[in-house]
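Note: the block below is query.csv and it holds CSV, C-alpha atoms and all ligand atoms.
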```csv
chain,number,residue,atom,x,y,z
A,30,MET,CA,21.2,20.0,65.7
A,31,THR,CA,17.6,19.0,66.5
A,32,VAL,CA,18.3,17.7,70.0
A,33,ARG,CA,16.7,20.6,71.8
A,34,TRP,CA,13.2,19.2,71.4
A,35,ASN,CA,12.1,16.9,74.2
A,36,SER,CA,8.4,17.2,73.8
A,37,VAL,CA,6.8,17.8,70.4
A,38,VAL,CA,3.1,17.5,69.8
A,39,LEU,CA,1.7,17.0,66.3
A,40,LEU,CA,-1.9,17.4,65.3
A,41,ALA,CA,-2.6,15.0,62.5
A,42,GLY,CA,-5.1,13.1,60.3
A,43,GLY,CA,-4.9,11.2,57.1
A,44,VAL,CA,-1.9,10.1,55.1
A,45,GLY,CA,-0.1,13.5,55.1
A,46,GLY,CA,-0.4,13.5,58.9
A,47,ALA,CA,1.0,10.1,59.3
A,48,ARG,CA,3.9,10.9,56.9
A,49,MET,CA,4.8,14.0,59.0
A,50,ALA,CA,4.6,11.9,62.2
A,51,GLU,CA,7.0,9.4,60.7
A,52,GLY,CA,9.4,12.1,59.6
A,53,LEU,CA,9.3,13.7,63.1
A,54,ALA,CA,9.7,10.4,64.8
A,55,ARG,CA,12.8,9.7,62.8
A,56,ALA,CA,14.3,13.1,63.4
A,57,LEU,CA,13.5,13.4,67.2
A,58,PRO,CA,15.0,11.6,70.2
A,59,SER,CA,12.9,8.5,71.0
A,60,GLY,CA,9.9,9.2,73.2
A,61,SER,CA,9.6,12.9,72.4
A,62,LEU,CA,6.8,12.8,69.9
A,63,THR,CA,3.1,12.8,70.8
A,64,VAL,CA,0.5,12.8,68.0
A,65,ILE,CA,-3.1,14.0,68.6
A,66,ALA,CA,-5.2,12.2,66.0
A,67,ASN,CA,-8.4,13.1,64.3
A,68,VAL,CA,-11.4,10.8,65.1
A,69,GLY,CA,-14.0,12.6,62.9
A,70,ASP,CA,-13.4,10.0,60.2
A,71,ASP,CA,-14.3,7.0,62.5
A,72,GLU,CA,-17.0,4.7,61.3
A,73,GLU,CA,-18.8,1.5,62.3
A,74,PHE,CA,-18.6,-1.4,59.8
A,75,TYR,CA,-20.3,-4.8,60.6
A,76,GLY,CA,-20.6,-3.6,64.2
A,77,LEU,CA,-16.8,-2.9,64.4
A,78,ARG,CA,-15.3,0.4,65.2
A,79,VAL,CA,-12.8,1.6,62.5
A,80,CYS,CA,-10.6,4.6,63.2
A,81,PRO,CA,-8.8,5.3,59.9
A,82,ASP,CA,-6.6,8.2,61.1
A,83,ILE,CA,-5.5,6.5,64.3
A,84,ASP,CA,-4.8,3.3,62.3
A,85,THR,CA,-2.9,5.0,59.5
A,86,LEU,CA,-0.7,6.5,62.3
A,87,LEU,CA,-0.3,3.2,64.0
A,88,TYR,CA,0.6,1.3,60.8
A,89,THR,CA,2.9,4.0,59.5
A,90,LEU,CA,4.8,4.5,62.8
A,91,SER,CA,5.3,0.7,63.2
A,92,ASP,CA,6.3,0.2,59.5
A,93,ARG,CA,3.3,-2.0,58.8
A,94,ILE,CA,1.7,0.5,56.4
A,95,ASP,CA,0.9,-0.2,52.8
A,96,ARG,CA,3.3,2.3,51.4
A,97,GLY,CA,1.7,2.5,48.0
A,98,GLN,CA,-1.8,3.5,49.1
A,99,GLY,CA,-0.8,5.2,52.3
A,100,TRP,CA,-3.4,3.4,54.5
A,101,GLY,CA,-4.1,-0.2,55.5
A,102,VAL,CA,-1.5,-3.0,56.1
A,103,GLY,CA,1.2,-3.7,53.6
A,104,GLY,CA,0.7,-7.1,51.9
A,105,ASP,CA,-2.8,-7.5,53.4
A,106,THR,CA,-5.4,-9.8,51.8
A,107,VAL,CA,-9.1,-9.4,51.5
A,108,LYS,CA,-10.5,-12.9,52.2
A,109,ALA,CA,-12.9,-11.7,54.9
A,110,LEU,CA,-14.2,-9.0,52.6
A,111,ASP,CA,-14.7,-11.6,49.8
A,112,VAL,CA,-16.9,-13.7,52.2
A,113,LEU,CA,-18.9,-10.6,53.2
A,114,ARG,CA,-19.4,-9.8,49.5
A,115,ASP,CA,-20.6,-13.4,48.8
A,116,LEU,CA,-23.0,-12.9,51.7
A,117,GLY,CA,-24.5,-9.8,50.2
A,118,ALA,CA,-22.9,-7.2,52.7
A,119,PRO,CA,-21.8,-3.8,51.4
A,120,THR,CA,-18.0,-3.9,50.8
A,121,TRP,CA,-17.1,-0.5,49.4
A,122,MET,CA,-14.7,0.1,52.3
A,123,LYS,CA,-11.6,-2.0,51.6
A,124,LEU,CA,-10.9,-3.5,55.0
A,125,GLY,CA,-8.0,-6.0,54.8
A,126,ASP,CA,-7.8,-9.3,56.8
A,127,ALA,CA,-5.0,-8.1,59.1
A,128,ASP,CA,-6.7,-4.7,59.4
A,129,PHE,CA,-9.9,-6.6,60.5
A,130,GLY,CA,-7.9,-8.1,63.4
A,131,LEU,CA,-7.2,-4.6,64.8
A,132,HIS,CA,-10.9,-3.6,64.4
A,133,ILE,CA,-12.1,-6.8,66.1
A,134,TRP,CA,-9.7,-6.3,69.0
A,135,ARG,CA,-10.6,-2.6,69.5
A,136,SER,CA,-14.3,-3.2,69.3
A,137,TRP,CA,-14.1,-6.0,71.8
A,138,ARG,CA,-12.0,-3.8,74.2
A,139,LEU,CA,-14.5,-0.9,73.8
A,140,ARG,CA,-17.4,-3.3,74.7
A,141,GLU,CA,-15.4,-4.4,77.8
A,142,GLY,CA,-15.5,-0.7,78.8
A,143,ASP,CA,-11.9,0.4,78.0
A,144,SER,CA,-11.5,3.9,76.5
A,145,LEU,CA,-10.3,4.6,73.0
A,146,SER,CA,-7.2,6.3,74.5
A,147,ALA,CA,-6.3,3.3,76.6
A,148,ILE,CA,-6.9,0.9,73.7
A,149,THR,CA,-4.8,3.1,71.3
A,150,ALA,CA,-2.0,3.3,73.9
A,151,GLU,CA,-1.9,-0.4,74.2
A,152,ALA,CA,-1.9,-0.9,70.4
A,153,THR,CA,0.9,1.6,70.1
A,154,LYS,CA,3.0,-0.3,72.6
A,155,ARG,CA,2.3,-3.7,71.2
A,156,PHE,CA,2.9,-2.7,67.6
A,157,GLY,CA,6.1,-0.8,68.6
A,158,ALA,CA,4.9,2.4,67.1
A,159,ALA,CA,7.5,5.2,67.2
A,160,ALA,CA,5.3,7.9,68.9
A,161,LYS,CA,2.5,8.2,71.4
A,162,ILE,CA,-0.9,8.4,69.7
A,163,LEU,CA,-3.7,10.1,71.5
A,164,PRO,CA,-7.2,10.3,70.0
A,165,ALA,CA,-8.4,13.9,70.1
A,166,THR,CA,-11.3,12.7,72.2
A,167,ASP,CA,-12.7,9.5,73.7
A,168,ASP,CA,-16.2,10.9,73.1
A,169,ARG,CA,-18.2,10.5,70.0
A,170,LEU,CA,-17.3,13.0,67.3
A,171,ARG,CA,-18.2,12.5,63.6
A,172,THR,CA,-17.6,14.6,60.6
A,173,ARG,CA,-20.7,15.0,58.5
A,174,LEU,CA,-21.1,16.7,55.1
A,175,ASP,CA,-24.1,18.5,53.7
A,176,THR,CA,-23.9,17.8,50.0
A,177,ASP,CA,-26.0,18.3,46.9
A,178,GLU,CA,-27.3,14.8,47.6
A,179,GLY,CA,-28.1,15.6,51.3
A,180,TRP,CA,-26.3,14.9,54.6
A,181,MET,CA,-23.7,12.2,54.4
A,182,ASP,CA,-21.3,10.6,56.9
A,183,PHE,CA,-17.6,11.0,56.1
A,184,GLN,CA,-16.5,7.5,54.9
A,185,PRO,CA,-19.6,7.0,52.7
A,186,TRP,CA,-18.8,10.4,51.0
A,187,PHE,CA,-15.0,9.9,50.9
A,188,VAL,CA,-14.6,6.2,50.0
A,189,GLY,CA,-18.2,5.2,49.1
A,190,ARG,CA,-18.8,8.1,46.6
A,191,HIS,CA,-15.1,9.1,45.9
A,192,CYS,CA,-15.8,12.6,47.2
A,193,LYS,CA,-18.1,13.3,44.2
A,194,PRO,CA,-21.2,14.8,45.9
A,195,LYS,CA,-20.5,18.6,46.1
A,196,VAL,CA,-20.1,19.8,49.7
A,197,LYS,CA,-22.0,22.8,51.0
A,198,GLU,CA,-21.3,22.6,54.7
A,199,LEU,CA,-19.3,20.5,57.2
A,200,ARG,CA,-20.3,19.6,60.7
A,201,PHE,CA,-18.5,17.9,63.5
A,202,ASP,CA,-21.3,16.1,65.3
A,203,GLY,CA,-20.7,15.8,69.0
A,204,ALA,CA,-17.8,18.2,69.1
A,205,GLY,CA,-19.5,20.6,71.5
A,206,ASP,CA,-19.8,17.9,74.1
A,207,ALA,CA,-16.6,16.0,73.3
A,208,ARG,CA,-13.8,16.5,75.9
A,209,PRO,CA,-10.1,16.1,75.1
A,210,GLY,CA,-8.3,13.5,77.1
A,211,ALA,CA,-6.2,14.6,80.1
A,212,PRO,CA,-3.0,13.3,78.4
A,213,ALA,CA,-3.6,15.5,75.3
A,214,LEU,CA,-4.0,18.6,77.5
A,215,ALA,CA,-1.0,17.7,79.5
A,216,ALA,CA,1.1,17.1,76.4
A,217,LEU,CA,0.1,20.5,75.0
A,218,ALA,CA,0.9,22.3,78.2
A,219,ALA,CA,4.3,20.6,78.5
A,220,ALA,CA,5.2,20.8,74.8
A,221,ASP,CA,8.2,22.7,73.6
A,222,LEU,CA,6.9,22.7,70.0
A,223,ILE,CA,3.5,22.2,68.5
A,224,VAL,CA,3.2,21.2,64.8
A,225,ILE,CA,0.0,21.1,62.6
A,226,ALA,CA,0.6,18.4,60.0
A,227,PRO,CA,0.0,18.9,56.3
A,228,SER,CA,-3.3,17.2,56.7
A,229,ASN,CA,-6.6,18.3,55.2
A,230,PRO,CA,-7.3,21.4,57.4
A,231,LEU,CA,-11.1,21.1,56.9
A,232,LEU,CA,-11.5,17.4,57.3
A,233,SER,CA,-8.6,16.4,59.5
A,234,ILE,CA,-7.4,19.3,61.6
A,235,GLU,CA,-10.6,21.3,62.3
A,236,PRO,CA,-12.4,18.3,63.9
A,237,ILE,CA,-9.5,18.1,66.3
A,238,LEU,CA,-9.7,21.9,67.0
A,239,ALA,CA,-13.5,21.5,67.4
A,240,VAL,CA,-13.1,19.3,70.5
A,241,SER,CA,-14.1,21.5,73.4
A,242,GLY,CA,-11.0,23.1,75.0
A,243,LEU,CA,-8.3,21.8,72.5
A,244,ARG,CA,-8.1,25.0,70.5
A,245,GLU,CA,-7.8,27.0,73.7
A,246,ALA,CA,-5.1,24.6,75.0
A,247,ILE,CA,-3.0,25.2,71.9
A,248,ALA,CA,-3.5,29.0,72.0
A,249,SER,CA,-2.4,29.2,75.6
A,250,ALA,CA,0.5,26.8,75.3
A,251,ALA,CA,3.9,28.5,75.7
A,252,ALA,CA,5.4,26.4,72.8
A,253,PRO,CA,5.5,27.9,69.3
A,254,CYS,CA,3.1,26.4,66.8
A,255,ILE,CA,4.1,25.7,63.2
A,256,GLY,CA,1.7,24.6,60.5
A,257,VAL,CA,2.8,22.8,57.4
A,258,SER,CA,0.9,23.5,54.2
A,259,PRO,CA,-1.0,20.7,52.6
A,260,LEU,CA,-0.9,22.5,49.2
A,261,ILE,CA,1.8,22.6,46.5
A,262,GLY,CA,1.1,25.0,43.7
A,263,GLY,CA,-2.5,25.2,44.7
A,264,LYS,CA,-3.0,21.5,44.6
A,265,ALA,CA,-3.3,18.9,47.4
A,266,VAL,CA,-0.6,16.2,47.4
A,267,LYS,CA,-3.4,13.7,48.0
A,268,GLY,CA,-7.1,13.9,48.5
A,269,PRO,CA,-10.0,16.3,47.8
A,270,LEU,CA,-8.7,19.4,49.6
A,271,ALA,CA,-8.4,21.8,46.7
A,272,ARG,CA,-11.9,21.1,45.4
A,273,LEU,CA,-13.4,21.1,48.9
A,274,MET,CA,-11.8,24.5,49.7
A,275,ALA,CA,-13.1,25.9,46.4
A,276,ASP,CA,-16.6,24.4,46.9
A,277,LEU,CA,-16.8,26.0,50.4
A,278,GLY,CA,-15.7,29.4,49.1
A,279,HIS,CA,-12.1,29.5,50.4
A,280,GLN,CA,-9.1,30.5,48.3
A,281,VAL,CA,-7.0,27.5,47.5
A,282,THR,CA,-3.7,28.9,48.9
A,283,SER,CA,-1.4,28.1,51.9
A,284,ALA,CA,-2.2,31.6,53.2
A,285,ALA,CA,-5.9,30.7,53.3
A,286,VAL,CA,-5.1,27.5,55.1
A,287,ALA,CA,-3.0,29.4,57.7
A,288,ARG,CA,-5.9,31.8,58.2
A,289,ARG,CA,-8.1,28.8,59.2
A,290,TYR,CA,-5.6,28.3,62.1
A,291,GLY,CA,-5.7,32.0,62.9
A,292,GLY,CA,-4.4,32.8,66.4
A,293,LEU,CA,-2.8,29.4,66.7
A,294,VAL,CA,0.1,29.4,64.3
A,295,ASP,CA,3.3,31.5,64.7
A,296,ALA,CA,4.9,30.1,61.6
A,297,PHE,CA,4.1,28.2,58.4
A,298,VAL,CA,6.1,25.9,56.1
A,299,VAL,CA,5.2,26.3,52.4
A,300,ASP,CA,6.6,24.8,49.3
A,301,ALA,CA,9.6,26.6,47.8
A,302,GLY,CA,7.6,27.1,44.5
A,303,ASP,CA,4.8,29.0,46.3
A,304,ARG,CA,6.5,32.4,46.6
A,305,ALA,CA,3.2,34.4,46.6
A,306,ASP,CA,2.0,32.4,49.5
A,307,ALA,CA,5.2,33.1,51.5
A,308,GLY,CA,4.7,36.9,50.9
A,309,ALA,CA,1.1,36.7,52.0
A,310,LEU,CA,1.9,34.7,55.1
A,311,GLU,CA,4.7,37.2,56.1
A,312,ALA,CA,2.2,40.0,55.6
A,313,ASP,CA,-0.1,38.2,58.1
A,314,GLY,CA,2.8,38.4,60.6
A,315,LEU,CA,3.9,34.7,60.4
A,316,ALA,CA,7.4,33.5,60.1
A,317,VAL,CA,7.8,31.4,56.9
A,318,LEU,CA,10.0,28.5,55.9
A,319,SER,CA,10.0,27.9,52.1
A,320,THR,CA,11.3,24.5,51.2
A,321,ASP,CA,10.5,21.3,49.3
A,322,ILE,CA,7.5,20.1,51.3
A,323,LEU,CA,6.8,16.9,49.3
A,324,MET,CA,7.5,13.9,51.5
A,325,ASN,CA,8.8,11.3,49.2
A,326,GLY,CA,9.1,8.2,51.4
A,327,PRO,CA,10.4,8.1,55.0
A,328,PRO,CA,13.8,9.8,54.2
A,329,GLY,CA,11.9,12.7,52.5
A,330,ALA,CA,9.6,13.0,55.5
A,331,GLU,CA,12.7,13.0,57.8
A,332,ARG,CA,14.4,15.6,55.7
A,333,LEU,CA,11.3,17.9,56.0
A,334,ALA,CA,11.0,17.3,59.7
A,335,ARG,CA,14.7,18.1,60.3
A,336,GLU,CA,14.3,21.4,58.4
A,337,LEU,CA,11.2,22.3,60.3
A,338,LEU,CA,12.9,21.5,63.7
A,339,GLU,CA,15.9,23.7,62.8
A,340,PHE,CA,13.6,26.5,61.7
A,341,ALA,CA,11.6,26.2,64.9
A,342,LEU,CA,14.7,27.0,66.9
A,343,THR,CA,14.5,30.5,65.5
A,344,LEU,CA,11.0,31.1,66.9
A,345,PRO,CA,10.4,32.7,70.3
A,346,VAL,CA,8.7,30.8,73.1
A,347,GLN,CA,5.7,32.9,74.3
A,348,PRO,CA,4.6,32.0,77.8
A,349,GLY,CA,0.8,32.0,77.8
A,350,ARG,CA,0.1,33.0,74.2
A,351,ALA,CA,-3.6,33.9,74.4
A,352,ALA,CA,-6.1,33.3,71.7
B,1,LIG,N1,-9.4,4.9,51.5
B,1,LIG,C1,-9.9,4.7,50.2
B,1,LIG,O1,-9.8,5.5,49.4
B,1,LIG,N2,-10.6,3.5,50.0
B,1,LIG,C2,-10.8,2.5,50.9
B,1,LIG,O2,-11.4,1.5,50.6
B,1,LIG,C3,-10.2,2.7,52.2
B,1,LIG,C4,-10.3,1.8,53.2
B,1,LIG,C5,-9.7,2.0,54.4
B,1,LIG,C6,-9.7,1.0,55.4
B,1,LIG,C7,-9.1,1.2,56.6
B,1,LIG,C8,-8.5,2.4,56.9
B,1,LIG,O3,-7.9,2.7,58.1
B,1,LIG,C9,-8.4,3.4,55.9
B,1,LIG,C10,-9.1,3.2,54.7
B,1,LIG,N3,-9.0,4.2,53.7
B,1,LIG,C11,-9.6,4.0,52.4
B,1,LIG,C12,-8.5,5.5,53.9
B,1,LIG,C13,-9.4,6.4,54.7
B,1,LIG,O4,-10.7,6.5,54.2
B,1,LIG,C14,-8.8,7.8,54.7
B,1,LIG,O5,-7.4,7.8,54.9
B,1,LIG,C15,-9.1,8.8,55.8
B,1,LIG,O6,-10.3,8.5,56.5
B,1,LIG,C16,-9.0,10.2,55.3
B,1,LIG,O7,-8.2,10.8,56.1
```
If you took the structure in this file and wrote it as structure tokens, what would it be?
Amino acid sequence: MTVRWNSVVLLAGGVGGARMAEGLARALPSGSLTVIANVGDDEEFYGLRVCPDIDTLLYTLSDRIDRGQGWGVGGDTVKALDVLRDLGAPTWMKLGDADFGLHIWRSWRLREGDSLSAITAEATKRFGAAAKILPATDDRLRTRLDTDEGWMDFQPWFVGRHCKPKVKELRFDGAGDARPGAPALAALAAADLIVIAPSNPLLSIEPILAVSGLREAIASAAAPCIGVSPLIGGKAVKGPLARLMADLGHQVTSAAVARRYGGLVDAFVVDAGDRADAGALEADGLAVLSTDILMNGPPGAERLARELLEFALTLPVQPGRAA
């Protein structure tokens, strides 16, 4: 009974975000899902623009993804990277040959003057991806980290140094001047449900919310907004979230994640094992769904999406919720 939803907007980044997008796309009628994607992880390699979170969504939603690692193209080879290594170029970012094709095409189109939104829309169509994907902004926005080794860009910290340098502060360079695209604002205004994926709140969701006007657009949307916890038993399913939260002085709990989205979320989905979290969230005035939130493959993601969509039917629509 999930047919009520005609227009669902998902905020997503990383592998968890793409898995949630796939689950929702499988559970919803075709054409009803729009994903607003993080661009804070974007980076230039060899003069090419790489957009890891957009690409993980594109590959997952078109069933091209490498299911084992959660990013990159399934069955991809690394012949181009081998040549670059022979030539003495840095090769710590594993860019596959098929993946290079997308980066070459995107960079070429950007140089021709097309916007990242238009390019992403075309890639979505040509790859047959099962949802609309909108970059949070077409403007430059980069996540930077102040670490015990100084300021670093995101991918050199995340991939190049395996998240080892201890983080003292996060910054989203350009966020103040970055504007959301008109389609993202229109999708939020017309949404009948907004979902915040179980992505890293600090690295994937907050750069989206930092885009000027996006947080306000969510806060003033009539649709209810549901967050899904990225933590199970105080641990992230994937990635450095738990350590990062602790390093930055946050409690490593779903309730602490929900508080980061204060004023935006009406409800939160937590793991059935995290009972203390459910109590704390309810005490904060949020509706709570406790269930198995581990997305084991596409059927597991679809199961979680269907449960979330059923639960969302119980939430009130609040015209003009204000921040
Ligand atoms: N993640 C890694 O851990 N190692 C890699 O070498 C790597 C390469 C890579 C290439 C293209 C791409 O789209 C993603 C890639 N990722 C890699 C994942 C990426 O760093 C992360 O998924 C996100 O940026 C974090 O959300």
Given 6 Å and only C-alpha atoms and all ligand atoms, residues near ligand LIG 1 (chain B) as a VMD selection string: chain A and resid 42 to 44 70 81 to 82 84 to 85 100 to 101 122 to 124 184 188
All residues 9 Å or closer to Asp167 of chain A, only C-alpha atoms, same chain fewer than 4 positions away omitted, as JSON, numbers by chain: {"A": [68, 144, 145, 146, 207, 208, 209, 210]}
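If only C-alpha atoms are the atoms counted, then among A:Ala211, A:Ala158, A:Leu53, A:Ala41 the closest residue to Ile65 of chain A is A:Ala41.
As for atom CA of Asp168 of chain A and atom CA of Ala216 of chain A, they are spaced 18.7 Å apart.
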Nearest to Pro327 of chain A, chosen from A:Leu222, A:Ala54, A:Leu39, A:Ala307, with all atoms listed in the file counted in the distances: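 Answer, going by the shortest atom-to-atom distance: A:Ala54.
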Distance of atom CA of Gly52 of chain A from atom CA of Pro227 of chain A, expressed in Å to one decimal place: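 These two atoms are separated by 12.1 Å.
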Computed interatomic separation between atom CA of Trp137 of chain A and atom CA of Gly76 of chain A (Å):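 For atom CA of Trp137 of chain A relative to atom CA of Gly76 of chain A, the distance reads 10.3 Å.
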Shell around Thr89 of chain A at 12 Å using all atoms listed in the file, local window under 2 positions removed, as an MDAnalysis selection string: chainID A and resid 43:52 54:55 81:87 91:103 153 156:160 162 326:327 330
Minimum-distance residue to Leu113 of chain A, chosen among A:Tyr75, A:Ala215, A:Val224, A:Gly69 (using all atoms listed in the file):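 Under the stated criterion, the closest residue is A:Tyr75.
The residue that comes closest to Gly308 of chain A, out of A:Thr282, A:Ser233, A:Ala341, A:Lys267 and on the basis of all atoms listed in the file, is A:Thr282.
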Best match for closeness to Ser59 of chain A among A:Leu231, A:Ala265, A:Val107, A:Val37, counting all atoms listed in the file: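 Checking each of A:Leu231, A:Ala265, A:Val107, A:Val37 against Ser59 of chain A, counting all atoms listed in the file, the winner is A:Val37.
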Exercise: Ser258 of chain A partners within 12 Å, all atoms listed in the file, chain neighbours under 5 positions left out, as a ChimeraX atom specification: /A:45-46,49,224-230,234,263-266,270,281-290,294,296-301,303,306-307,310,317-324,333
